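Raw contents of my_file31.pdb, PDB, C-alpha atoms and all ligand atoms:
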```pdb
ATOM      1  CA  MET A 156       3.472 -22.562 -98.875
ATOM      2  CA  ILE A 157       3.561 -18.895 -99.896
ATOM      3  CA  ILE A 158       3.757 -16.014 -97.378
ATOM      4  CA  LYS A 159       0.147 -14.901 -97.927
ATOM      5  CA  ASP A 160      -1.215 -18.399 -97.187
ATOM      6  CA  ALA A 161       1.040 -18.853 -94.173
ATOM      7  CA  LEU A 162      -0.282 -15.619 -92.661
ATOM      8  CA  TYR A 163      -3.881 -16.595 -93.389
ATOM      9  CA  LYS A 164      -3.423 -20.078 -91.894
ATOM     10  CA  GLY A 165      -1.722 -18.563 -88.844
ATOM     11  CA  LEU A 166      -4.624 -16.152 -88.314
ATOM     12  CA  LYS A 167      -7.104 -19.003 -88.366
ATOM     13  CA  TYR A 168      -4.919 -21.104 -86.081
ATOM     14  CA  LEU A 169      -4.626 -18.446 -83.364
ATOM     15  CA  LYS A 170      -8.099 -16.968 -83.611
ATOM     16  CA  ASP A 171      -9.484 -18.822 -80.539
ATOM     17  CA  ALA A 172      -6.487 -18.079 -78.299
ATOM     18  CA  TYR A 173      -7.937 -14.932 -76.672
ATOM     19  CA  TYR A 174      -4.572 -13.836 -75.230
ATOM     20  CA  THR A 175      -2.993 -13.497 -78.660
ATOM     21  CA  ASP A 176      -3.213 -10.742 -81.236
ATOM     22  CA  PRO A 177      -3.240 -13.052 -84.295
ATOM     23  CA  ARG A 178      -2.800 -10.426 -87.009
ATOM     24  CA  ARG A 179       0.120  -8.670 -85.343
ATOM     25  CA  GLU A 180       1.767 -11.828 -84.044
ATOM     26  CA  THR A 181       1.649 -13.909 -87.229
ATOM     27  CA  ARG A 182       3.339 -11.055 -89.101
ATOM     28  CA  ARG A 183       5.890 -10.489 -86.342
ATOM     29  CA  ILE A 184       6.777 -14.206 -86.119
ATOM     30  CA  LEU A 185       7.202 -14.592 -89.870
ATOM     31  CA  SER A 186       9.239 -11.407 -90.147
ATOM     32  CA  GLU A 187      11.542 -12.632 -87.344
ATOM     33  CA  ILE A 188      12.009 -16.010 -89.061
ATOM     34  CA  LEU A 189      12.745 -14.445 -92.453
ATOM     35  CA  VAL A 190      14.779 -11.603 -90.879
ATOM     36  CA  LYS A 191      12.787  -9.093 -92.938
ATOM     37  CA  ASP A 192      10.542  -6.252 -91.889
ATOM     38  CA  ILE A 193       6.768  -6.487 -92.043
ATOM     39  CA  SER A 194       6.460  -4.406 -95.219
ATOM     40  CA  TYR A 195       8.532  -7.135 -96.968
ATOM     41  CA  LEU A 196       5.847  -9.704 -96.130
ATOM     42  CA  ILE A 197       3.228  -7.541 -97.790
ATOM     43  CA  SER A 198       5.265  -6.729-100.895
ATOM     44  CA  HIS A 199       6.411 -10.365-101.292
ATOM     45  CA  GLU A 200       3.184 -12.154-100.359
ATOM     46  CA  ASP A 201       3.541 -14.681-103.191
ATOM     47  CA  GLU A 202       7.074 -15.720-102.218
ATOM     48  CA  GLU A 203       7.486 -19.391-101.324
ATOM     49  CA  LEU A 204       8.677 -20.225 -97.782
ATOM     50  CA  ASN A 205      11.369 -22.882 -97.545
ATOM     51  CA  GLU A 206      10.521 -26.057 -95.621
ATOM     52  CA  GLU A 207      12.552 -25.198 -92.555
ATOM     53  CA  ASP A 208      11.066 -21.698 -92.156
ATOM     54  CA  GLU A 209       7.564 -23.079 -92.606
ATOM     55  CA  LYS A 210       8.209 -25.702 -89.923
ATOM     56  CA  THR A 211       9.618 -23.114 -87.487
ATOM     57  CA  TYR A 212       6.639 -20.819 -88.125
ATOM     58  CA  PHE A 213       4.070 -23.471 -87.209
ATOM     59  CA  GLU A 214       6.117 -24.647 -84.214
ATOM     60  CA  ILE A 215       6.056 -21.098 -82.848
ATOM     61  CA  LEU A 216       2.325 -20.746 -83.511
ATOM     62  CA  ASN A 217       1.801 -23.978 -81.604
ATOM     63  CA  LYS A 218       3.656 -22.630 -78.580
ATOM     64  CA  ARG A 219       1.643 -19.408 -78.739
ATOM     65  CA  LYS A 220      -1.577 -21.405 -78.828
ATOM     66  CA  LEU A 221      -0.492 -23.103 -75.596
ATOM     67  CA  GLY A 222       0.036 -19.654 -74.034
ATOM     68  CA  VAL A 223       3.826 -19.360 -74.077
ATOM     69  CA  PRO A 224       4.543 -15.599 -74.281
ATOM     70  CA  LEU A 225       6.008 -14.498 -77.604
ATOM     71  CA  GLN A 226       8.866 -12.731 -75.786
ATOM     72  CA  TYR A 227      10.041 -16.063 -74.316
ATOM     73  CA  ILE A 228       9.751 -17.790 -77.693
ATOM     74  CA  LEU A 229      11.692 -15.082 -79.533
ATOM     75  CA  GLY A 230      13.908 -14.416 -76.486
ATOM     76  CA  LYS A 231      13.661 -10.651 -76.678
ATOM     77  CA  GLU A 232      11.578  -7.527 -76.083
ATOM     78  CA  ASP A 233      11.967  -3.844 -76.914
ATOM     79  CA  PHE A 234      12.071  -1.290 -74.117
ATOM     80  CA  TYR A 235      12.677   2.444 -74.407
ATOM     81  CA  GLY A 236      14.122   2.110 -77.903
ATOM     82  CA  ARG A 237      16.491  -0.778 -77.196
ATOM     83  CA  THR A 238      16.142  -4.539 -77.613
ATOM     84  CA  PHE A 239      16.681  -6.602 -74.456
ATOM     85  CA  LYS A 240      17.284 -10.343 -74.217
ATOM     86  CA  VAL A 241      14.519 -12.070 -72.209
ATOM     87  CA  LEU A 242      15.172 -15.475 -70.623
ATOM     88  CA  GLU A 243      12.402 -17.806 -69.493
ATOM     89  CA  GLY A 244      11.952 -17.491 -65.739
ATOM     90  CA  VAL A 245      12.455 -13.706 -65.762
ATOM     91  CA  LEU A 246       9.674 -11.096 -65.879
ATOM     92  CA  ILE A 247       8.976  -9.848 -69.404
ATOM     93  CA  PRO A 248       9.533  -6.075 -69.714
ATOM     94  CA  ARG A 249       6.281  -4.090 -69.803
ATOM     95  CA  GLN A 250       5.820  -0.925 -71.866
ATOM     96  CA  ASP A 251       4.133   0.685 -68.824
ATOM     97  CA  THR A 252       7.517   0.665 -67.100
ATOM     98  CA  GLU A 253       8.737   3.289 -69.604
ATOM     99  CA  ILE A 254       6.865   5.798 -67.399
ATOM    100  CA  SER A 255       9.343   4.939 -64.624
ATOM    101  CA  ILE A 256      12.177   5.963 -66.944
ATOM    102  CA  GLU A 257      10.488   9.291 -67.754
ATOM    103  CA  VAL A 258       9.965  10.035 -64.054
ATOM    104  CA  LEU A 259      13.505   8.965 -63.080
ATOM    105  CA  LYS A 260      15.018  11.085 -65.876
ATOM    106  CA  GLU A 261      13.054  14.094 -64.666
ATOM    107  CA  ILE A 262      14.416  13.597 -61.127
ATOM    108  CA  VAL A 263      17.960  13.333 -62.494
ATOM    109  CA  LYS A 264      17.491  16.464 -64.611
ATOM    110  CA  ASN A 265      16.183  18.594 -61.734
ATOM    111  CA  ASN A 266      18.441  17.428 -58.896
ATOM    112  CA  LYS A 267      22.071  16.644 -58.223
ATOM    113  CA  ILE A 268      21.920  12.880 -58.692
ATOM    114  CA  LYS A 269      25.121  10.828 -58.864
ATOM    115  CA  ASN A 270      23.926   7.300 -58.269
ATOM    116  CA  MET A 271      20.945   4.974 -58.179
ATOM    117  CA  LEU A 272      20.094   1.557 -56.745
ATOM    118  CA  GLU A 273      17.476  -0.707 -58.303
ATOM    119  CA  ILE A 274      15.942  -3.498 -56.234
ATOM    120  CA  GLY A 275      14.498  -6.371 -58.290
ATOM    121  CA  THR A 276      16.005  -5.598 -61.676
ATOM    122  CA  GLY A 277      14.708  -8.637 -63.633
ATOM    123  CA  THR A 278      16.058  -8.346 -67.191
ATOM    124  CA  GLY A 279      17.793  -5.126 -66.134
ATOM    125  CA  ILE A 280      15.677  -2.799 -68.297
ATOM    126  CA  VAL A 281      15.401   0.100 -65.836
ATOM    127  CA  ALA A 282      18.931   0.026 -64.414
ATOM    128  CA  ILE A 283      20.563  -0.401 -67.838
ATOM    129  CA  THR A 284      18.371   2.231 -69.520
ATOM    130  CA  MET A 285      19.060   4.753 -66.748
ATOM    131  CA  GLY A 286      22.809   4.036 -66.899
ATOM    132  CA  LEU A 287      22.799   4.614 -70.664
ATOM    133  CA  GLU A 288      20.453   7.613 -70.724
ATOM    134  CA  CYS A 289      21.994   9.540 -67.789
ATOM    135  CA  ASP A 290      25.449  10.108 -66.382
ATOM    136  CA  LEU A 291      24.934   7.946 -63.278
ATOM    137  CA  ASP A 292      26.517   5.124 -61.291
ATOM    138  CA  VAL A 293      23.876   2.414 -61.161
ATOM    139  CA  VAL A 294      23.740  -0.687 -58.966
ATOM    140  CA  ALA A 295      21.054  -3.287 -59.693
ATOM    141  CA  CYS A 296      20.140  -6.280 -57.546
ATOM    142  CA  ASP A 297      17.801  -9.256 -57.693
ATOM    143  CA  ILE A 298      17.259 -12.377 -55.605
ATOM    144  CA  SER A 299      16.643 -14.571 -58.669
ATOM    145  CA  GLU A 300      19.617 -16.341 -60.273
ATOM    146  CA  SER A 301      17.912 -16.276 -63.671
ATOM    147  CA  ALA A 302      17.327 -12.526 -63.378
ATOM    148  CA  ILE A 303      20.959 -11.892 -62.459
ATOM    149  CA  LYS A 304      22.090 -13.985 -65.450
ATOM    150  CA  ASN A 305      19.637 -12.173 -67.745
ATOM    151  CA  ALA A 306      20.600  -8.685 -66.528
ATOM    152  CA  LYS A 307      24.309  -9.519 -67.037
ATOM    153  CA  ILE A 308      23.616 -10.672 -70.613
ATOM    154  CA  ASN A 309      21.813  -7.379 -71.317
ATOM    155  CA  LYS A 310      24.544  -5.343 -69.653
ATOM    156  CA  ASP A 311      27.093  -6.874 -72.054
ATOM    157  CA  LEU A 312      24.778  -6.720 -75.059
ATOM    158  CA  LEU A 313      24.091  -3.009 -74.577
ATOM    159  CA  LYS A 314      27.605  -2.090 -73.406
ATOM    160  CA  SER A 315      26.363  -0.795 -70.067
ATOM    161  CA  ASN A 316      28.611  -0.260 -67.065
ATOM    162  CA  ILE A 317      26.073  -0.834 -64.270
ATOM    163  CA  LYS A 318      26.968  -3.091 -61.333
ATOM    164  CA  ILE A 319      24.810  -6.181 -60.839
ATOM    165  CA  VAL A 320      24.585  -7.830 -57.411
ATOM    166  CA  ALA A 321      22.711 -10.924 -56.208
ATOM    167  CA  SER A 322      20.868  -9.772 -53.113
ATOM    168  CA  ASN A 323      17.725 -10.400 -51.096
ATOM    169  CA  LEU A 324      16.490  -6.796 -50.901
ATOM    170  CA  PHE A 325      19.262  -4.761 -49.174
ATOM    171  CA  GLU A 326      21.137  -7.782 -47.771
ATOM    172  CA  ASN A 327      24.269  -7.440 -49.961
ATOM    173  CA  ILE A 328      23.983  -3.713 -50.659
ATOM    174  CA  GLN A 329      26.593  -1.276 -49.473
ATOM    175  CA  GLY A 330      26.799   2.500 -49.545
ATOM    176  CA  LYS A 331      24.236   5.254 -49.918
ATOM    177  CA  TYR A 332      22.252   6.342 -52.957
ATOM    178  CA  ASP A 333      20.526   9.452 -54.303
ATOM    179  CA  ILE A 334      17.730   7.324 -55.790
ATOM    180  CA  ILE A 335      16.380   3.907 -54.821
ATOM    181  CA  TYR A 336      14.004   2.515 -57.445
ATOM    182  CA  SER A 337      11.934  -0.642 -57.396
ATOM    183  CA  ASN A 338       9.160  -2.280 -59.356
ATOM    184  CA  PRO A 339       8.696  -5.077 -56.836
ATOM    185  CA  PRO A 340       6.273  -8.013 -57.020
ATOM    186  CA  TYR A 341       2.940  -6.361 -56.200
ATOM    187  CA  ILE A 342       0.077  -8.677 -57.126
ATOM    188  CA  LYS A 343      -2.100  -9.812 -54.212
ATOM    189  CA  ARG A 344      -1.519 -13.552 -53.733
ATOM    190  CA  GLU A 345      -5.208 -14.448 -54.169
ATOM    191  CA  GLU A 346      -5.344 -12.551 -57.488
ATOM    192  CA  ILE A 347      -2.530 -14.505 -59.127
ATOM    193  CA  GLU A 348      -4.841 -17.366 -60.114
ATOM    194  CA  ASN A 349      -7.039 -14.886 -62.035
ATOM    195  CA  LEU A 350      -4.217 -13.501 -64.175
ATOM    196  CA  GLN A 351      -4.273 -14.363 -67.856
ATOM    197  CA  ILE A 352      -2.745 -17.732 -68.749
ATOM    198  CA  GLU A 353       0.423 -16.266 -70.309
ATOM    199  CA  VAL A 354       1.340 -14.514 -67.055
ATOM    200  CA  ARG A 355      -0.029 -17.040 -64.549
ATOM    201  CA  ASP A 356       1.495 -20.152 -66.088
ATOM    202  CA  TYR A 357       4.706 -18.824 -67.619
ATOM    203  CA  GLU A 358       6.019 -15.786 -65.739
ATOM    204  CA  PRO A 359       7.870 -16.337 -62.433
ATOM    205  CA  ARG A 360       5.805 -16.189 -59.215
ATOM    206  CA  LEU A 361       8.850 -14.645 -57.570
ATOM    207  CA  ALA A 362       8.333 -11.568 -59.765
ATOM    208  CA  LEU A 363       4.568 -11.346 -59.199
ATOM    209  CA  ASP A 364       3.624 -12.379 -55.671
ATOM    210  CA  GLY A 365       3.376  -9.333 -53.402
ATOM    211  CA  GLY A 366       2.019 -11.271 -50.408
ATOM    212  CA  GLU A 367      -1.512 -11.236 -48.973
ATOM    213  CA  ASP A 368      -2.102  -7.514 -49.535
ATOM    214  CA  GLY A 369       0.320  -6.962 -52.459
ATOM    215  CA  LEU A 370       2.314  -4.565 -50.282
ATOM    216  CA  TYR A 371       4.857  -6.918 -48.681
ATOM    217  CA  PHE A 372       7.894  -5.681 -50.651
ATOM    218  CA  TYR A 373       6.917  -2.004 -50.524
ATOM    219  CA  LYS A 374       6.771  -2.199 -46.719
ATOM    220  CA  LYS A 375      10.152  -3.972 -46.481
ATOM    221  CA  ILE A 376      11.864  -1.536 -48.853
ATOM    222  CA  ILE A 377      10.351   1.587 -47.239
ATOM    223  CA  GLU A 378      11.403   0.313 -43.797
ATOM    224  CA  ASP A 379      15.095   0.037 -44.729
ATOM    225  CA  SER A 380      15.363   2.660 -47.461
ATOM    226  CA  THR A 381      16.234   5.610 -45.199
ATOM    227  CA  LYS A 382      19.470   3.839 -44.165
ATOM    228  CA  TYR A 383      20.534   3.583 -47.805
ATOM    229  CA  LEU A 384      19.442   7.020 -49.036
ATOM    230  CA  ASN A 385      21.495  10.190 -49.010
ATOM    231  CA  SER A 386      19.948  13.266 -47.398
ATOM    232  CA  LYS A 387      16.822  14.356 -49.374
ATOM    233  CA  GLY A 388      17.203  11.244 -51.551
ATOM    234  CA  PHE A 389      14.379   9.785 -53.641
ATOM    235  CA  LEU A 390      12.501   6.514 -53.206
ATOM    236  CA  VAL A 391      10.675   5.664 -56.438
ATOM    237  CA  PHE A 392       8.279   2.766 -56.978
ATOM    238  CA  GLU A 393       6.284   1.425 -59.863
ATOM    239  CA  ILE A 394       2.866   0.612 -58.373
ATOM    240  CA  GLY A 395      -0.365  -1.180 -59.269
ATOM    241  CA  HIS A 396      -3.189   1.103 -60.442
ATOM    242  CA  ASP A 397      -5.044   0.787 -57.094
ATOM    243  CA  GLN A 398      -2.076   1.077 -54.709
ATOM    244  CA  ALA A 399      -1.322   4.829 -54.656
ATOM    245  CA  LYS A 400      -3.324   5.581 -51.490
ATOM    246  CA  ASP A 401      -1.742   2.690 -49.549
ATOM    247  CA  LEU A 402       1.733   3.746 -50.660
ATOM    248  CA  GLN A 403       1.134   7.390 -49.734
ATOM    249  CA  LYS A 404       0.156   6.231 -46.233
ATOM    250  CA  LEU A 405       3.146   3.920 -45.912
ATOM    251  CA  MET A 406       5.621   6.563 -47.103
ATOM    252  CA  LYS A 407       4.311   9.723 -45.476
ATOM    253  CA  LYS A 408       6.346   9.467 -42.243
ATOM    254  CA  HIS A 409       9.711   9.796 -44.012
ATOM    255  CA  PHE A 410       8.838  11.044 -47.510
ATOM    256  CA  ILE A 411       7.002  13.808 -49.363
ATOM    257  CA  THR A 412       5.206  11.956 -52.147
ATOM    258  CA  LYS A 413       3.866  12.570 -55.635
ATOM    259  CA  VAL A 414       1.987  10.089 -57.843
ATOM    260  CA  TYR A 415       2.382   9.866 -61.643
ATOM    261  CA  LYS A 416      -0.072   8.330 -64.111
ATOM    262  CA  ASP A 417       0.646   6.134 -67.138
ATOM    263  CA  LEU A 418      -0.638   6.667 -70.679
ATOM    264  CA  ASN A 419      -3.939   5.015 -69.716
ATOM    265  CA  MET A 420      -4.313   7.641 -66.963
ATOM    266  CA  LEU A 421      -3.848   5.001 -64.251
ATOM    267  CA  ASP A 422      -1.618   5.609 -61.218
ATOM    268  CA  ARG A 423       1.705   3.963 -62.092
ATOM    269  CA  VAL A 424       4.661   5.535 -60.266
ATOM    270  CA  ILE A 425       5.102   7.075 -56.823
ATOM    271  CA  VAL A 426       8.043   9.299 -55.976
ATOM    272  CA  GLY A 427       8.986  10.048 -52.385
ATOM    273  CA  GLN A 428      11.616  12.601 -51.449
ATOM    274  CA  MET A 429      13.090  11.997 -48.006
ATOM    275  CA  ARG A 430      12.182  14.649 -45.453
ATOM    276  CA  GLU A 431      15.125  16.421 -43.792
TER
HETATM  277  C1  LIG B 501       7.896  -7.122 -61.003
HETATM  278  S1  LIG B 501       9.529  -7.759 -61.269
HETATM  279  C2  LIG B 501      10.339  -6.322 -61.942
HETATM  280  C3  LIG B 501      11.504  -6.628 -62.832
HETATM  281  C4  LIG B 501      12.073  -5.413 -63.588
HETATM  282  N1  LIG B 501      12.452  -4.344 -62.696
HETATM  283  C5  LIG B 501      11.076  -4.891 -64.601
HETATM  284  O1  LIG B 501      10.463  -3.840 -64.389
HETATM  285  O2  LIG B 501      10.888  -5.566 -65.629
HETATM  286  C6  LIG B 501      10.163  -7.883 -59.631
HETATM  287  C7  LIG B 501      11.582  -8.413 -59.507
HETATM  288  O3  LIG B 501      11.905  -8.472 -58.106
HETATM  289  C8  LIG B 501      12.692  -9.623 -57.873
HETATM  290  N2  LIG B 501      12.594  -9.986 -56.443
HETATM  291  C9  LIG B 501      11.628 -10.699 -55.805
HETATM  292  N3  LIG B 501      11.923 -10.813 -54.500
HETATM  293  C10 LIG B 501      13.095 -10.164 -54.289
HETATM  294  C11 LIG B 501      13.929  -9.933 -53.157
HETATM  295  N4  LIG B 501      13.591 -10.419 -51.964
HETATM  296  N5  LIG B 501      15.083  -9.238 -53.311
HETATM  297  C12 LIG B 501      15.438  -8.749 -54.543
HETATM  298  N6  LIG B 501      14.681  -8.938 -55.654
HETATM  299  C13 LIG B 501      13.537  -9.625 -55.543
HETATM  300  C14 LIG B 501      12.108 -10.664 -58.819
HETATM  301  O4  LIG B 501      13.013 -11.720 -59.050
HETATM  302  C15 LIG B 501      11.800  -9.816 -60.053
HETATM  303  O5  LIG B 501      12.889  -9.807 -60.943
END
```
Full structure transcribed into structure tokens:
Amino acid sequence: MIIKDALYKGLKYLKDAYYTDPRRETRRILSEILVKDISYLISHEDEELNEEDEKTYFEILNKRKLGVPLQYILGKEDFYGRTFKVLEGVLIPRQDTEISIEVLKEIVKNNKIKNMLEIGTGTGIVAITMGLECDLDVVACDISESAIKNAKINKDLLKSNIKIVASNLFENIQGKYDIIYSNPPYIKREEIENLQIEVRDYEPRLALDGGEDGLYFYKKIIEDSTKYLNSKGFLVFEIGHDQAKDLQKLMKKHFITKVYKDLNMLDRVIVGQMRE
């Protein structure tokens, strides 16, 4: 089969799977298999695929049709200009989280920040990116064994020097930090069943389930954070688009807060600076 026909067949095959973007994904999959960029596919559309590549292509399309996220199939995702390994059982990096990096970098630029703790690091995208982008000591923790394994792979892959610790929230954390950051599980339990199939059936509940009201982890982290923050330190959270008001209420006793929006103009990050 030639490239042009493979792309056309792929488009038709995925067209009813509403959670896919058939045009973009068929091109991406084929370009990954051939290790060529997408412009190559267009300029070589009459090139014959070998049998093995053709087989791999349709196997991947089959998995996509079942709902397996492309990032798990390819084992990687880009974040803030770097490619991170993504293992099954670990939350897939979201582009929205790049806003967290922008906000954290601004805090580092405008304050004397020496170190940062991340709670719930997943693949390690935030901790590793911050360690590479800024001159900071970064500690990252997660309760999930798969996440710890994944973050360590990415640390090595990207030559980062962050410290990775297995910990249930602050349980195994020592010392004090200038910034504590977390993008904790924040979906209300009853809403998990309504998530799209790719997320609901393939991404780990441990990374999604924020308890009855979605606020379970925020409350736990806020409660203990003051013990682990240096004077006038920052507590920074990624939040769901409808959680800013709840978070402002929960944080106001110990923190002065500011909310930041993402590119879709939805509330996405809250920063709290500890009151003196
Ligand atoms: C929404 S994911 C965020 C992952 C990563 N920071 C990112 O933005 O891609 C939440 C993470 O918190 C971790 N987690 C859940 N409960 C935890 C706990 N009690 N202590 C530490 N981490 C926890 C999950 O395993 C998951 O990796």
Answer key for the PyMOL selection byres (((chain A and resi 230-239) around 10) and not hetatm), residues as a PDB file with C-alpha atoms, in the frame of the given file:
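Listed below is the output, selection.pdb:
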```
ATOM      1  CA  PRO A 224       4.543 -15.599 -74.281  1.00  0.00           C
ATOM      2  CA  LEU A 225       6.008 -14.498 -77.604  1.00  0.00           C
ATOM      3  CA  GLN A 226       8.866 -12.731 -75.786  1.00  0.00           C
ATOM      4  CA  TYR A 227      10.041 -16.063 -74.316  1.00  0.00           C
ATOM      5  CA  ILE A 228       9.751 -17.790 -77.693  1.00  0.00           C
ATOM      6  CA  LEU A 229      11.692 -15.082 -79.533  1.00  0.00           C
ATOM      7  CA  LYS A 240      17.284 -10.343 -74.217  1.00  0.00           C
ATOM      8  CA  VAL A 241      14.519 -12.070 -72.209  1.00  0.00           C
ATOM      9  CA  LEU A 242      15.172 -15.475 -70.623  1.00  0.00           C
ATOM     10  CA  GLU A 243      12.402 -17.806 -69.493  1.00  0.00           C
ATOM     11  CA  ILE A 247       8.976  -9.848 -69.404  1.00  0.00           C
ATOM     12  CA  PRO A 248       9.533  -6.075 -69.714  1.00  0.00           C
ATOM     13  CA  ARG A 249       6.281  -4.090 -69.803  1.00  0.00           C
ATOM     14  CA  GLN A 250       5.820  -0.925 -71.866  1.00  0.00           C
ATOM     15  CA  ASP A 251       4.133   0.685 -68.824  1.00  0.00           C
ATOM     16  CA  THR A 252       7.517   0.665 -67.100  1.00  0.00           C
ATOM     17  CA  GLU A 253       8.737   3.289 -69.604  1.00  0.00           C
ATOM     18  CA  ILE A 254       6.865   5.798 -67.399  1.00  0.00           C
ATOM     19  CA  ILE A 256      12.177   5.963 -66.944  1.00  0.00           C
ATOM     20  CA  GLU A 257      10.488   9.291 -67.754  1.00  0.00           C
ATOM     21  CA  THR A 278      16.058  -8.346 -67.191  1.00  0.00           C
ATOM     22  CA  GLY A 279      17.793  -5.126 -66.134  1.00  0.00           C
ATOM     23  CA  ILE A 280      15.677  -2.799 -68.297  1.00  0.00           C
ATOM     24  CA  VAL A 281      15.401   0.100 -65.836  1.00  0.00           C
ATOM     25  CA  ILE A 283      20.563  -0.401 -67.838  1.00  0.00           C
ATOM     26  CA  THR A 284      18.371   2.231 -69.520  1.00  0.00           C
ATOM     27  CA  ASN A 305      19.637 -12.173 -67.745  1.00  0.00           C
ATOM     28  CA  ALA A 306      20.600  -8.685 -66.528  1.00  0.00           C
ATOM     29  CA  ILE A 308      23.616 -10.672 -70.613  1.00  0.00           C
ATOM     30  CA  ASN A 309      21.813  -7.379 -71.317  1.00  0.00           C
ATOM     31  CA  LYS A 310      24.544  -5.343 -69.653  1.00  0.00           C
ATOM     32  CA  LEU A 312      24.778  -6.720 -75.059  1.00  0.00           C
ATOM     33  CA  LEU A 313      24.091  -3.009 -74.577  1.00  0.00           C
TER      34      LEU A 313
END
```
Once you count all atoms listed in the file, which residues end up within 7 Å of ligand LIG 501 (chain B), and could you hand them over as a VMD selection string?
chain A and resid 245 to 249 252 274 to 281 296 to 299 302 322 to 324 337 to 341 361 to 363
Mind writing the picked residues with C-alpha atoms as a PDB file, keeping the file's coordinate frame?
```pdb
ATOM      1  CA  VAL A 245      12.455 -13.706 -65.762  1.00  0.00           C
ATOM      2  CA  LEU A 246       9.674 -11.096 -65.879  1.00  0.00           C
ATOM      3  CA  ILE A 247       8.976  -9.848 -69.404  1.00  0.00           C
ATOM      4  CA  PRO A 248       9.533  -6.075 -69.714  1.00  0.00           C
ATOM      5  CA  ARG A 249       6.281  -4.090 -69.803  1.00  0.00           C
ATOM      6  CA  THR A 252       7.517   0.665 -67.100  1.00  0.00           C
ATOM      7  CA  ILE A 274      15.942  -3.498 -56.234  1.00  0.00           C
ATOM      8  CA  GLY A 275      14.498  -6.371 -58.290  1.00  0.00           C
ATOM      9  CA  THR A 276      16.005  -5.598 -61.676  1.00  0.00           C
ATOM     10  CA  GLY A 277      14.708  -8.637 -63.633  1.00  0.00           C
ATOM     11  CA  THR A 278      16.058  -8.346 -67.191  1.00  0.00           C
ATOM     12  CA  GLY A 279      17.793  -5.126 -66.134  1.00  0.00           C
ATOM     13  CA  ILE A 280      15.677  -2.799 -68.297  1.00  0.00           C
ATOM     14  CA  VAL A 281      15.401   0.100 -65.836  1.00  0.00           C
ATOM     15  CA  CYS A 296      20.140  -6.280 -57.546  1.00  0.00           C
ATOM     16  CA  ASP A 297      17.801  -9.256 -57.693  1.00  0.00           C
ATOM     17  CA  ILE A 298      17.259 -12.377 -55.605  1.00  0.00           C
ATOM     18  CA  SER A 299      16.643 -14.571 -58.669  1.00  0.00           C
ATOM     19  CA  ALA A 302      17.327 -12.526 -63.378  1.00  0.00           C
ATOM     20  CA  SER A 322      20.868  -9.772 -53.113  1.00  0.00           C
ATOM     21  CA  ASN A 323      17.725 -10.400 -51.096  1.00  0.00           C
ATOM     22  CA  LEU A 324      16.490  -6.796 -50.901  1.00  0.00           C
ATOM     23  CA  SER A 337      11.934  -0.642 -57.396  1.00  0.00           C
ATOM     24  CA  ASN A 338       9.160  -2.280 -59.356  1.00  0.00           C
ATOM     25  CA  PRO A 339       8.696  -5.077 -56.836  1.00  0.00           C
ATOM     26  CA  PRO A 340       6.273  -8.013 -57.020  1.00  0.00           C
ATOM     27  CA  TYR A 341       2.940  -6.361 -56.200  1.00  0.00           C
ATOM     28  CA  LEU A 361       8.850 -14.645 -57.570  1.00  0.00           C
ATOM     29  CA  ALA A 362       8.333 -11.568 -59.765  1.00  0.00           C
ATOM     30  CA  LEU A 363       4.568 -11.346 -59.199  1.00  0.00           C
TER      31      LEU A 363
END
```
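With distances restricted to only C-alpha atoms, A:Asn316 is the closest residue to A:Gly286 from A:Asn419, A:Asn266, A:Thr211, A:Asn316.
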Since I can't run it myself right now, could you work out what the PyMOL selection byres (((chain A and resi 414) around 6) and not hetatm) selects here and report it as number ranges by chain?
A: 413, 415, 424-425
With 4 Å of padding per side, what axis-aligned box (centre and edge lengths, Å, one decimal) covers all the listed atoms of stretch 319-332 of chain A? Give it as JSON.
```
{"center_x": 21.6, "center_y": -2.3, "center_z": -54.3, "size_x": 18.3, "size_y": 25.3, "size_z": 21.1}
```
Counting only C-alpha atoms, the residue among A:Thr412, A:Asn327, A:Asn265, A:Gln428 that lies closest to A:Val294 is A:Asn327
Pick from A:Leu204, A:Val293, A:Ile352, A:Ile197, whichever lies nearest to A:Tyr173 using all atoms listed in the file:
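Using all atoms listed in the file, the shortest distance to A:Tyr173 belongs to A:Ile352.
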Just say which residues the PyMOL selection byres (((chain A and resi 330) around 9) and not hetatm) picks in this file, as a list in words.
Ile328, Gln329, Lys331, Tyr332, Tyr383 and Leu384 of chain A
Could you check how far atom CA of A:Gly244 sits from atom CA of A:Tyr357, in Å to one decimal?
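Atom CA of A:Tyr357 lies 7.6 Å from atom CA of A:Gly244.
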Between atom CA of A:Asn270 and atom CA of A:Ile342, measure the distance and give it in Å to one decimal.
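Separation between atom CA of A:Asn270 and atom CA of A:Ile342: 28.7 Å.
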Return the single residue from A:Lys307, A:Met156, A:Lys170, A:Asn385 that is closest to A:Glu202, with distances computed using only C-alpha atoms.
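Closest to A:Glu202 of all the choices is A:Met156.
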Using all atoms listed in the file, what residues lie at most 9 Å away from (-10.3, -11.1, -87.9) (file coordinates), given as a list in words?
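These residues have at least one counted atom within 9 Å: Leu166, Lys167, Lys170, Pro177 and Arg178 of chain A.
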Can you spit out the residues from that selection as a compact mmCIF listing (two decimals), keeping the file's coordinate frame, using C-alpha atoms?
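Output saved as selection_4.txt:
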```txt
# COMPACT_ATOMS: atom_id res chain seq x y z
CA LEU A 166 -4.62 -16.15 -88.31
CA LYS A 167 -7.10 -19.00 -88.37
CA LYS A 170 -8.10 -16.97 -83.61
CA PRO A 177 -3.24 -13.05 -84.30
CA ARG A 178 -2.80 -10.43 -87.01
```
